[in-house]
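Student: I'm passing along model.txt; it holds compact mmCIF, N, CA and C atoms.
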# COMPACT_ATOMS: atom_id res chain seq x y z
N MET A 1 -2.36 3.29 -22.73
CA MET A 1 -2.31 2.93 -24.14
C MET A 1 -1.57 4.03 -24.90
N ASP A 2 -0.68 3.61 -25.75
CA ASP A 2 0.10 4.54 -26.55
C ASP A 2 -0.07 4.18 -28.03
N PHE A 3 -0.81 5.01 -28.76
CA PHE A 3 -1.05 4.75 -30.18
C PHE A 3 -1.35 6.06 -30.89
N ASP A 4 -1.23 6.01 -32.22
CA ASP A 4 -1.54 7.18 -33.05
C ASP A 4 -3.03 7.21 -33.40
N VAL A 5 -3.61 6.02 -33.59
CA VAL A 5 -5.01 5.88 -34.00
C VAL A 5 -5.66 4.79 -33.18
N LEU A 6 -6.89 5.03 -32.76
CA LEU A 6 -7.69 4.00 -32.09
C LEU A 6 -8.81 3.59 -33.02
N VAL A 7 -8.87 2.31 -33.36
CA VAL A 7 -9.95 1.76 -34.17
C VAL A 7 -10.95 1.12 -33.21
N ILE A 8 -12.19 1.56 -33.31
CA ILE A 8 -13.23 1.02 -32.43
C ILE A 8 -14.04 0.01 -33.23
N GLY A 9 -13.97 -1.24 -32.79
CA GLY A 9 -14.69 -2.33 -33.43
C GLY A 9 -13.75 -3.29 -34.12
N SER A 10 -14.00 -4.59 -33.93
CA SER A 10 -13.12 -5.61 -34.51
C SER A 10 -13.86 -6.49 -35.52
N GLY A 11 -14.87 -5.92 -36.15
CA GLY A 11 -15.54 -6.61 -37.24
C GLY A 11 -14.71 -6.47 -38.50
N PRO A 12 -15.26 -6.86 -39.65
CA PRO A 12 -14.50 -6.77 -40.89
C PRO A 12 -13.97 -5.37 -41.18
N ALA A 13 -14.79 -4.35 -41.04
CA ALA A 13 -14.34 -2.99 -41.34
C ALA A 13 -13.23 -2.55 -40.38
N GLY A 14 -13.42 -2.79 -39.10
CA GLY A 14 -12.42 -2.39 -38.11
C GLY A 14 -11.09 -3.09 -38.29
N THR A 15 -11.13 -4.39 -38.57
CA THR A 15 -9.87 -5.12 -38.72
C THR A 15 -9.16 -4.73 -40.02
N ILE A 16 -9.91 -4.49 -41.09
CA ILE A 16 -9.28 -4.06 -42.34
C ILE A 16 -8.63 -2.69 -42.16
N ILE A 17 -9.34 -1.78 -41.51
CA ILE A 17 -8.80 -0.43 -41.28
C ILE A 17 -7.55 -0.51 -40.40
N ALA A 18 -7.63 -1.27 -39.32
CA ALA A 18 -6.49 -1.39 -38.41
C ALA A 18 -5.28 -1.98 -39.13
N ALA A 19 -5.49 -3.04 -39.91
CA ALA A 19 -4.39 -3.68 -40.63
C ALA A 19 -3.79 -2.73 -41.66
N ALA A 20 -4.63 -2.02 -42.41
CA ALA A 20 -4.13 -1.11 -43.45
C ALA A 20 -3.32 0.03 -42.85
N LEU A 21 -3.78 0.58 -41.73
CA LEU A 21 -3.03 1.65 -41.08
C LEU A 21 -1.69 1.13 -40.56
N ALA A 22 -1.72 -0.04 -39.93
CA ALA A 22 -0.49 -0.62 -39.38
C ALA A 22 0.52 -0.90 -40.50
N GLU A 23 0.04 -1.38 -41.66
CA GLU A 23 0.93 -1.64 -42.80
C GLU A 23 1.64 -0.37 -43.26
N ARG A 24 1.04 0.78 -42.99
CA ARG A 24 1.61 2.06 -43.39
C ARG A 24 2.44 2.70 -42.28
N GLY A 25 2.70 1.94 -41.24
CA GLY A 25 3.57 2.41 -40.18
C GLY A 25 2.90 3.20 -39.08
N VAL A 26 1.57 3.23 -39.08
CA VAL A 26 0.83 3.93 -38.02
C VAL A 26 0.72 3.01 -36.82
N LYS A 27 0.94 3.54 -35.62
CA LYS A 27 0.79 2.75 -34.40
C LYS A 27 -0.70 2.72 -34.05
N VAL A 28 -1.29 1.52 -34.12
CA VAL A 28 -2.74 1.36 -34.01
C VAL A 28 -3.11 0.61 -32.73
N GLY A 29 -4.10 1.15 -32.05
CA GLY A 29 -4.75 0.46 -30.95
C GLY A 29 -6.14 0.08 -31.41
N GLY A 30 -6.66 -1.00 -30.91
CA GLY A 30 -8.00 -1.44 -31.26
C GLY A 30 -8.83 -1.65 -30.02
N LEU A 31 -10.10 -1.33 -30.11
CA LEU A 31 -11.03 -1.52 -28.99
C LEU A 31 -12.19 -2.37 -29.49
N THR A 32 -12.42 -3.49 -28.82
CA THR A 32 -13.49 -4.40 -29.22
C THR A 32 -14.39 -4.69 -28.03
N ALA A 33 -15.70 -4.63 -28.24
CA ALA A 33 -16.66 -4.88 -27.17
C ALA A 33 -16.77 -6.37 -26.85
N SER A 34 -16.57 -7.21 -27.87
CA SER A 34 -16.67 -8.66 -27.66
C SER A 34 -15.28 -9.28 -27.76
N PRO A 35 -15.12 -10.51 -27.30
CA PRO A 35 -13.81 -11.15 -27.39
C PRO A 35 -13.28 -11.10 -28.83
N LEU A 36 -12.01 -10.78 -28.99
CA LEU A 36 -11.40 -10.54 -30.29
C LEU A 36 -11.60 -11.70 -31.26
N ARG A 37 -11.48 -12.91 -30.82
CA ARG A 37 -11.58 -14.06 -31.73
C ARG A 37 -12.97 -14.69 -31.73
N GLN A 38 -13.94 -14.01 -31.15
CA GLN A 38 -15.32 -14.50 -31.24
C GLN A 38 -15.74 -14.44 -32.70
N VAL A 39 -16.26 -15.55 -33.22
CA VAL A 39 -16.60 -15.61 -34.65
C VAL A 39 -17.70 -14.60 -34.96
N TRP A 40 -17.50 -13.86 -36.05
CA TRP A 40 -18.48 -12.86 -36.47
C TRP A 40 -19.81 -13.54 -36.77
N PRO A 41 -20.93 -12.92 -36.38
CA PRO A 41 -22.23 -13.56 -36.57
C PRO A 41 -22.76 -13.48 -38.00
N ASN A 42 -22.34 -12.50 -38.76
CA ASN A 42 -22.88 -12.30 -40.11
C ASN A 42 -22.11 -13.09 -41.15
N THR A 43 -22.68 -13.17 -42.34
CA THR A 43 -21.99 -13.79 -43.48
C THR A 43 -21.63 -12.68 -44.46
N TYR A 44 -20.59 -12.94 -45.25
CA TYR A 44 -20.09 -11.93 -46.17
C TYR A 44 -19.80 -12.58 -47.51
N GLY A 45 -20.18 -11.89 -48.58
CA GLY A 45 -19.96 -12.41 -49.92
C GLY A 45 -19.22 -11.41 -50.79
N ILE A 46 -18.74 -11.91 -51.93
CA ILE A 46 -17.97 -11.07 -52.85
C ILE A 46 -17.99 -11.74 -54.22
N TRP A 47 -17.90 -10.93 -55.28
CA TRP A 47 -17.72 -11.50 -56.61
C TRP A 47 -16.35 -12.15 -56.64
N ARG A 48 -16.30 -13.40 -57.10
CA ARG A 48 -15.05 -14.17 -57.07
C ARG A 48 -13.92 -13.46 -57.83
N ASP A 49 -14.23 -12.85 -58.97
CA ASP A 49 -13.16 -12.20 -59.74
C ASP A 49 -12.52 -11.05 -58.97
N GLU A 50 -13.28 -10.39 -58.11
CA GLU A 50 -12.70 -9.33 -57.29
C GLU A 50 -11.73 -9.91 -56.26
N LEU A 51 -12.05 -11.06 -55.71
CA LEU A 51 -11.18 -11.72 -54.75
C LEU A 51 -9.96 -12.33 -55.44
N GLU A 52 -10.16 -12.83 -56.67
CA GLU A 52 -9.04 -13.37 -57.45
C GLU A 52 -7.99 -12.29 -57.70
N ALA A 53 -8.45 -11.07 -57.97
CA ALA A 53 -7.53 -9.96 -58.22
C ALA A 53 -6.65 -9.68 -57.02
N LEU A 54 -7.12 -10.03 -55.83
CA LEU A 54 -6.36 -9.83 -54.60
C LEU A 54 -5.56 -11.07 -54.21
N GLY A 55 -5.76 -12.17 -54.94
CA GLY A 55 -5.07 -13.42 -54.64
C GLY A 55 -5.56 -14.07 -53.35
N LEU A 56 -6.85 -13.90 -53.05
CA LEU A 56 -7.37 -14.38 -51.76
C LEU A 56 -8.54 -15.36 -51.90
N THR A 57 -8.61 -16.08 -53.01
CA THR A 57 -9.74 -16.99 -53.19
C THR A 57 -9.78 -18.13 -52.17
N GLU A 58 -8.65 -18.38 -51.51
CA GLU A 58 -8.65 -19.44 -50.47
C GLU A 58 -9.52 -19.07 -49.28
N LEU A 59 -9.96 -17.81 -49.21
CA LEU A 59 -10.83 -17.37 -48.11
C LEU A 59 -12.30 -17.68 -48.37
N LEU A 60 -12.61 -18.22 -49.55
CA LEU A 60 -14.01 -18.55 -49.86
C LEU A 60 -14.40 -19.89 -49.25
N GLY A 61 -15.61 -19.94 -48.74
CA GLY A 61 -16.15 -21.19 -48.23
C GLY A 61 -17.02 -21.88 -49.26
N HIS A 62 -17.64 -21.09 -50.14
CA HIS A 62 -18.50 -21.64 -51.18
C HIS A 62 -18.56 -20.63 -52.32
N CYS A 63 -18.83 -21.14 -53.52
CA CYS A 63 -18.92 -20.26 -54.69
C CYS A 63 -20.03 -20.76 -55.60
N TRP A 64 -20.81 -19.83 -56.10
CA TRP A 64 -21.88 -20.13 -57.05
C TRP A 64 -21.47 -19.58 -58.41
N GLU A 65 -21.51 -20.42 -59.43
CA GLU A 65 -21.15 -20.02 -60.79
C GLU A 65 -22.34 -19.36 -61.46
N ASN A 66 -22.06 -18.41 -62.35
CA ASN A 66 -23.09 -17.79 -63.19
C ASN A 66 -24.33 -17.37 -62.40
N CYS A 67 -24.18 -16.46 -61.51
CA CYS A 67 -25.27 -16.01 -60.64
C CYS A 67 -26.35 -15.26 -61.41
N VAL A 68 -27.57 -15.48 -60.96
CA VAL A 68 -28.73 -14.81 -61.53
C VAL A 68 -29.48 -14.16 -60.38
N SER A 69 -29.87 -12.90 -60.58
CA SER A 69 -30.70 -12.19 -59.61
C SER A 69 -32.07 -11.98 -60.22
N TYR A 70 -33.09 -11.95 -59.38
CA TYR A 70 -34.45 -11.74 -59.86
C TYR A 70 -34.99 -10.45 -59.28
N PHE A 71 -35.39 -9.56 -60.18
CA PHE A 71 -35.95 -8.28 -59.80
C PHE A 71 -37.34 -8.16 -60.41
N GLY A 72 -37.97 -7.04 -60.25
CA GLY A 72 -39.34 -6.83 -60.70
C GLY A 72 -39.66 -7.29 -62.11
N LYS A 73 -38.76 -7.08 -63.05
CA LYS A 73 -39.06 -7.43 -64.45
C LYS A 73 -38.41 -8.73 -64.90
N GLY A 74 -37.86 -9.51 -63.99
CA GLY A 74 -37.30 -10.79 -64.39
C GLY A 74 -35.87 -11.01 -63.94
N ALA A 75 -35.25 -11.97 -64.59
CA ALA A 75 -33.91 -12.42 -64.21
C ALA A 75 -32.82 -11.54 -64.81
N VAL A 76 -31.76 -11.36 -64.03
CA VAL A 76 -30.55 -10.68 -64.50
C VAL A 76 -29.41 -11.68 -64.33
N ASN A 77 -28.86 -12.12 -65.46
CA ASN A 77 -27.73 -13.05 -65.41
C ASN A 77 -26.46 -12.22 -65.31
N HIS A 78 -25.73 -12.39 -64.23
CA HIS A 78 -24.54 -11.58 -64.00
C HIS A 78 -23.31 -12.08 -64.76
N GLY A 79 -23.33 -13.34 -65.18
CA GLY A 79 -22.21 -13.86 -65.95
C GLY A 79 -20.92 -13.93 -65.17
N ARG A 80 -21.01 -14.03 -63.87
CA ARG A 80 -19.82 -14.13 -63.03
C ARG A 80 -20.16 -14.91 -61.77
N ALA A 81 -19.14 -15.42 -61.12
CA ALA A 81 -19.32 -16.25 -59.93
C ALA A 81 -19.35 -15.38 -58.67
N TYR A 82 -20.19 -15.79 -57.74
CA TYR A 82 -20.32 -15.08 -56.47
C TYR A 82 -19.89 -16.03 -55.36
N GLY A 83 -19.04 -15.54 -54.46
CA GLY A 83 -18.51 -16.38 -53.41
C GLY A 83 -18.96 -15.96 -52.03
N LEU A 84 -19.06 -16.94 -51.16
CA LEU A 84 -19.36 -16.72 -49.75
C LEU A 84 -18.07 -16.93 -48.97
N PHE A 85 -17.68 -15.92 -48.21
CA PHE A 85 -16.47 -16.06 -47.40
C PHE A 85 -16.66 -17.13 -46.34
N ASP A 86 -15.59 -17.87 -46.08
CA ASP A 86 -15.51 -18.68 -44.87
C ASP A 86 -15.16 -17.65 -43.81
N LYS A 87 -16.12 -17.27 -42.97
CA LYS A 87 -15.91 -16.13 -42.08
C LYS A 87 -14.80 -16.35 -41.06
N VAL A 88 -14.55 -17.59 -40.68
CA VAL A 88 -13.44 -17.86 -39.75
C VAL A 88 -12.10 -17.62 -40.46
N LYS A 89 -11.98 -18.10 -41.70
CA LYS A 89 -10.75 -17.86 -42.46
C LYS A 89 -10.54 -16.36 -42.70
N LEU A 90 -11.62 -15.66 -43.06
CA LEU A 90 -11.52 -14.23 -43.30
C LEU A 90 -11.10 -13.50 -42.04
N GLN A 91 -11.74 -13.83 -40.93
CA GLN A 91 -11.41 -13.18 -39.66
C GLN A 91 -9.97 -13.46 -39.26
N ASN A 92 -9.55 -14.70 -39.36
CA ASN A 92 -8.17 -15.05 -39.00
C ASN A 92 -7.16 -14.36 -39.92
N HIS A 93 -7.48 -14.26 -41.20
CA HIS A 93 -6.59 -13.59 -42.15
C HIS A 93 -6.40 -12.12 -41.75
N LEU A 94 -7.50 -11.43 -41.47
CA LEU A 94 -7.42 -10.01 -41.12
C LEU A 94 -6.74 -9.80 -39.77
N LEU A 95 -7.04 -10.66 -38.80
CA LEU A 95 -6.39 -10.51 -37.49
C LEU A 95 -4.90 -10.81 -37.58
N ALA A 96 -4.50 -11.74 -38.44
CA ALA A 96 -3.06 -12.01 -38.64
C ALA A 96 -2.36 -10.79 -39.21
N LYS A 97 -3.01 -10.08 -40.14
CA LYS A 97 -2.44 -8.86 -40.69
C LYS A 97 -2.31 -7.80 -39.59
N CYS A 98 -3.29 -7.76 -38.69
CA CYS A 98 -3.21 -6.82 -37.56
C CYS A 98 -2.03 -7.18 -36.65
N GLU A 99 -1.87 -8.47 -36.36
CA GLU A 99 -0.77 -8.91 -35.49
C GLU A 99 0.57 -8.56 -36.12
N THR A 100 0.72 -8.83 -37.42
CA THR A 100 1.96 -8.52 -38.13
C THR A 100 2.27 -7.04 -38.03
N GLY A 101 1.24 -6.21 -38.09
CA GLY A 101 1.42 -4.77 -38.03
C GLY A 101 1.55 -4.21 -36.63
N GLY A 102 1.43 -5.07 -35.62
CA GLY A 102 1.58 -4.63 -34.24
C GLY A 102 0.37 -3.97 -33.63
N VAL A 103 -0.82 -4.23 -34.19
CA VAL A 103 -2.04 -3.67 -33.61
C VAL A 103 -2.27 -4.29 -32.24
N GLU A 104 -2.50 -3.44 -31.26
CA GLU A 104 -2.74 -3.91 -29.90
C GLU A 104 -4.23 -3.75 -29.59
N TRP A 105 -4.93 -4.88 -29.45
CA TRP A 105 -6.37 -4.87 -29.19
C TRP A 105 -6.66 -4.91 -27.70
N HIS A 106 -7.70 -4.20 -27.30
CA HIS A 106 -8.18 -4.19 -25.92
C HIS A 106 -9.67 -4.44 -25.94
N GLN A 107 -10.14 -5.24 -24.97
CA GLN A 107 -11.58 -5.50 -24.90
C GLN A 107 -12.20 -4.50 -23.93
N GLY A 108 -13.27 -3.89 -24.37
CA GLY A 108 -13.99 -2.91 -23.56
C GLY A 108 -14.93 -2.12 -24.44
N LYS A 109 -15.53 -1.10 -23.85
CA LYS A 109 -16.45 -0.25 -24.60
C LYS A 109 -16.04 1.20 -24.43
N ALA A 110 -16.17 1.96 -25.50
CA ALA A 110 -15.88 3.39 -25.43
C ALA A 110 -17.06 4.08 -24.76
N THR A 111 -16.77 4.89 -23.76
CA THR A 111 -17.83 5.64 -23.08
C THR A 111 -17.76 7.12 -23.39
N ASN A 112 -16.62 7.55 -23.97
CA ASN A 112 -16.43 8.95 -24.26
C ASN A 112 -15.36 9.05 -25.34
N ILE A 113 -15.56 9.93 -26.29
CA ILE A 113 -14.56 10.16 -27.32
C ILE A 113 -14.21 11.64 -27.30
N GLU A 114 -12.92 11.89 -27.19
CA GLU A 114 -12.44 13.27 -27.16
C GLU A 114 -11.39 13.42 -28.25
N HIS A 115 -11.57 14.39 -29.10
CA HIS A 115 -10.66 14.61 -30.23
C HIS A 115 -9.55 15.55 -29.79
Could I get this file's structure written as structure tokens?

Tutor:
Amino acid sequence: MDFDVLVIGSGPAGTIIAAALAERGVKVGGLTASPLRQVWPNTYGIWRDELEALGLTELLGHCWENCVSYFGKGAVNHGRAYGLFDKVKLQNHLLAKCETGGVEWHQGKATNIEH
């Protein structure tokens, strides 16, 4: 393997980091314990206006308008919409950015890290 940086993990954080580094011209290798395109088990949410600022609202699977949270002393109306990512769309979007940047993924587990 020939790379400048090795990203360990292909979840949301790992794929975002790998894609961002590759966009900046860094040669990135990725190491994933599970198959690269195995759908992530967790769900992920975001305030819709934050995703709108990035032009990525098509990655939402569902959105709730005017969200309210309930804490010890009652309701807090957030006055903004909260979205649930379609995790397959999100994963495919991030992996496509990795592919465009030339990230080379390998399946396996790290047993030793040497700096």

Student: If I take CA of Asn66 in chain A and atom N of Glu50 in chain A, how far is one from the other in Å, to one decimal?

Tutor: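 That distance, rounded to one decimal, is 13.3 Å.
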
Student: When you look at Pro12 in chain A with a cut-off of 8 Å (counting all atoms listed in the file), what residues show up, excluding the ones that are within fewer than 6 positions of it in the same chain? I need them as a list in words.

Tutor: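 Listed by chain and then number, they are Ala18, Trp40, Leu90, Gln91 and Leu94 of chain A.
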
Student: Excluding Val88 in chain A and any residue of its chain fewer than 4 positions from it, enumerate the residues within 12 Å of it, using only C-alpha atoms, and give them as a short mmCIF file (atom, residue, chain, number, x, y, z; two decimals) with N, CA and C atoms, in the coordinates of the input.

Tutor:
data_model
loop_
_atom_site.label_atom_id
_atom_site.label_comp_id
_atom_site.auth_asym_id
_atom_site.auth_seq_id
_atom_site.Cartn_x
_atom_site.Cartn_y
_atom_site.Cartn_z
N GLY A 11 -14.87 -5.92 -36.15
CA GLY A 11 -15.54 -6.61 -37.24
C GLY A 11 -14.71 -6.47 -38.50
N PRO A 12 -15.26 -6.86 -39.65
CA PRO A 12 -14.50 -6.77 -40.89
C PRO A 12 -13.97 -5.37 -41.18
N ARG A 37 -11.48 -12.91 -30.82
CA ARG A 37 -11.58 -14.06 -31.73
C ARG A 37 -12.97 -14.69 -31.73
N GLN A 38 -13.94 -14.01 -31.15
CA GLN A 38 -15.32 -14.50 -31.24
C GLN A 38 -15.74 -14.44 -32.70
N VAL A 39 -16.26 -15.55 -33.22
CA VAL A 39 -16.60 -15.61 -34.65
C VAL A 39 -17.70 -14.60 -34.96
N TRP A 40 -17.50 -13.86 -36.05
CA TRP A 40 -18.48 -12.86 -36.47
C TRP A 40 -19.81 -13.54 -36.77
N PRO A 41 -20.93 -12.92 -36.38
CA PRO A 41 -22.23 -13.56 -36.57
C PRO A 41 -22.76 -13.48 -38.00
N ASN A 42 -22.34 -12.50 -38.76
CA ASN A 42 -22.88 -12.30 -40.11
C ASN A 42 -22.11 -13.09 -41.15
N THR A 43 -22.68 -13.17 -42.34
CA THR A 43 -21.99 -13.79 -43.48
C THR A 43 -21.63 -12.68 -44.46
N TYR A 44 -20.59 -12.94 -45.25
CA TYR A 44 -20.09 -11.93 -46.17
C TYR A 44 -19.80 -12.58 -47.51
N GLU A 58 -8.65 -18.38 -51.51
CA GLU A 58 -8.65 -19.44 -50.47
C GLU A 58 -9.52 -19.07 -49.28
N LEU A 59 -9.96 -17.81 -49.21
CA LEU A 59 -10.83 -17.37 -48.11
C LEU A 59 -12.30 -17.68 -48.37
N LEU A 60 -12.61 -18.22 -49.55
CA LEU A 60 -14.01 -18.55 -49.86
C LEU A 60 -14.40 -19.89 -49.25
N GLY A 61 -15.61 -19.94 -48.74
CA GLY A 61 -16.15 -21.19 -48.23
C GLY A 61 -17.02 -21.88 -49.26
N LEU A 84 -19.06 -16.94 -51.16
CA LEU A 84 -19.36 -16.72 -49.75
C LEU A 84 -18.07 -16.93 -48.97
N ASN A 92 -9.55 -14.70 -39.36
CA ASN A 92 -8.17 -15.05 -39.00
C ASN A 92 -7.16 -14.36 -39.92
N HIS A 93 -7.48 -14.26 -41.20
CA HIS A 93 -6.59 -13.59 -42.15
C HIS A 93 -6.40 -12.12 -41.75
N LEU A 94 -7.50 -11.43 -41.47
CA LEU A 94 -7.42 -10.01 -41.12
C LEU A 94 -6.74 -9.80 -39.77
N LEU A 95 -7.04 -10.66 -38.80
CA LEU A 95 -6.39 -10.51 -37.49
C LEU A 95 -4.90 -10.81 -37.58
N ALA A 96 -4.50 -11.74 -38.44
CA ALA A 96 -3.06 -12.01 -38.64
C ALA A 96 -2.36 -10.79 -39.21
#

Student: Just the residues within 10 Å of Gly102 in chain A, please, counting only C-alpha atoms, with nothing from its chain fewer than 4 positions along; format it as a list in words.

Tutor: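 Result of the neighbour search: Ala18, Ala19, Ala22, Glu23, Gly25, Val26, Lys27, Val28, Gly29, Ala96, Lys97 and Cys98 of chain A.
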
Student: Grab the CA of Leu56 in chain A to CA of Gly79 in chain A distance for me, in Å with one decimal place.

Tutor: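 According to the coordinates, CA of Leu56 in chain A and CA of Gly79 in chain A are separated by 20.5 Å.
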
Student: Go ahead and compute the interatomic distance for CA of Leu51 in chain A and CA of Ala33 in chain A, in Å to one decimal.

Tutor: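 Computing it gives 28.9 Å between the two atoms.
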
Student: Contacts of Gly45 in chain A at 7 Å or less, counting only N, CA and C atoms, minus same-chain residues fewer than 5 places along, as a list of chain:residue names?

Tutor: A:Tyr82, A:Gly83, A:Leu84, A:Phe85

Student: Check the DSSP output for the backbone and give back, as a ChimeraX atom specification, the residues of range 45-80 of chain A in alpha helix (DSSP H).

Tutor: /A:48-54

Student: Which of these residues is nearest to Val5 in chain A, using all atoms listed in the file: A:Gly30, A:Gln107, A:Arg80, A:His115?

Tutor: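 Checking each candidate against Val5 in chain A, we get A:Gly30 as the closest.
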
Student: Please run DSSP on the backbone and report, as a PyMOL selection string, all residues within chain A that come out as strand (DSSP E).

Tutor: chain A and resi 5-8+28-32+45-47+60-64+68-71+74-77+82-85+104-107

Student: Pick from A:Val76, A:Leu31, A:Leu54, A:Cys67: nearest to Val7 in chain A, with only N, CA and C atoms counted?

Tutor: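 Going through A:Val76, A:Leu31, A:Leu54, A:Cys67 one by one, the smallest distance to Val7 in chain A is for A:Leu31.
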
Student: Name the closest residue to Ser34 in chain A among the candidates A:His62, A:Gly101, A:Gly9, A:Ile113; distances are taken between atoms, counting only N, CA and C atoms.

Tutor: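 Ranking A:His62, A:Gly101, A:Gly9, A:Ile113 by distance to Ser34 in chain A, first place goes to A:Gly9.
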
Student: What box, with edges along x, y and z, holds each listed atom of range 94-111 of chain A when 4 Å is added on every side, and can you state its centre and edge lengths in Å to one decimal, as AutoDock Vina command-line options?

Tutor:
--center_x -7.8 --center_y -2.4 --center_z -32.3 --size_x 28.1 --size_y 27.1 --size_z 26.4

Student: Go through A:Trp64, A:Thr32, A:His78, A:Trp47 and flag the residue nearest Ala110 in chain A, using only C-alpha atoms for the distances.

Tutor: A:Thr32
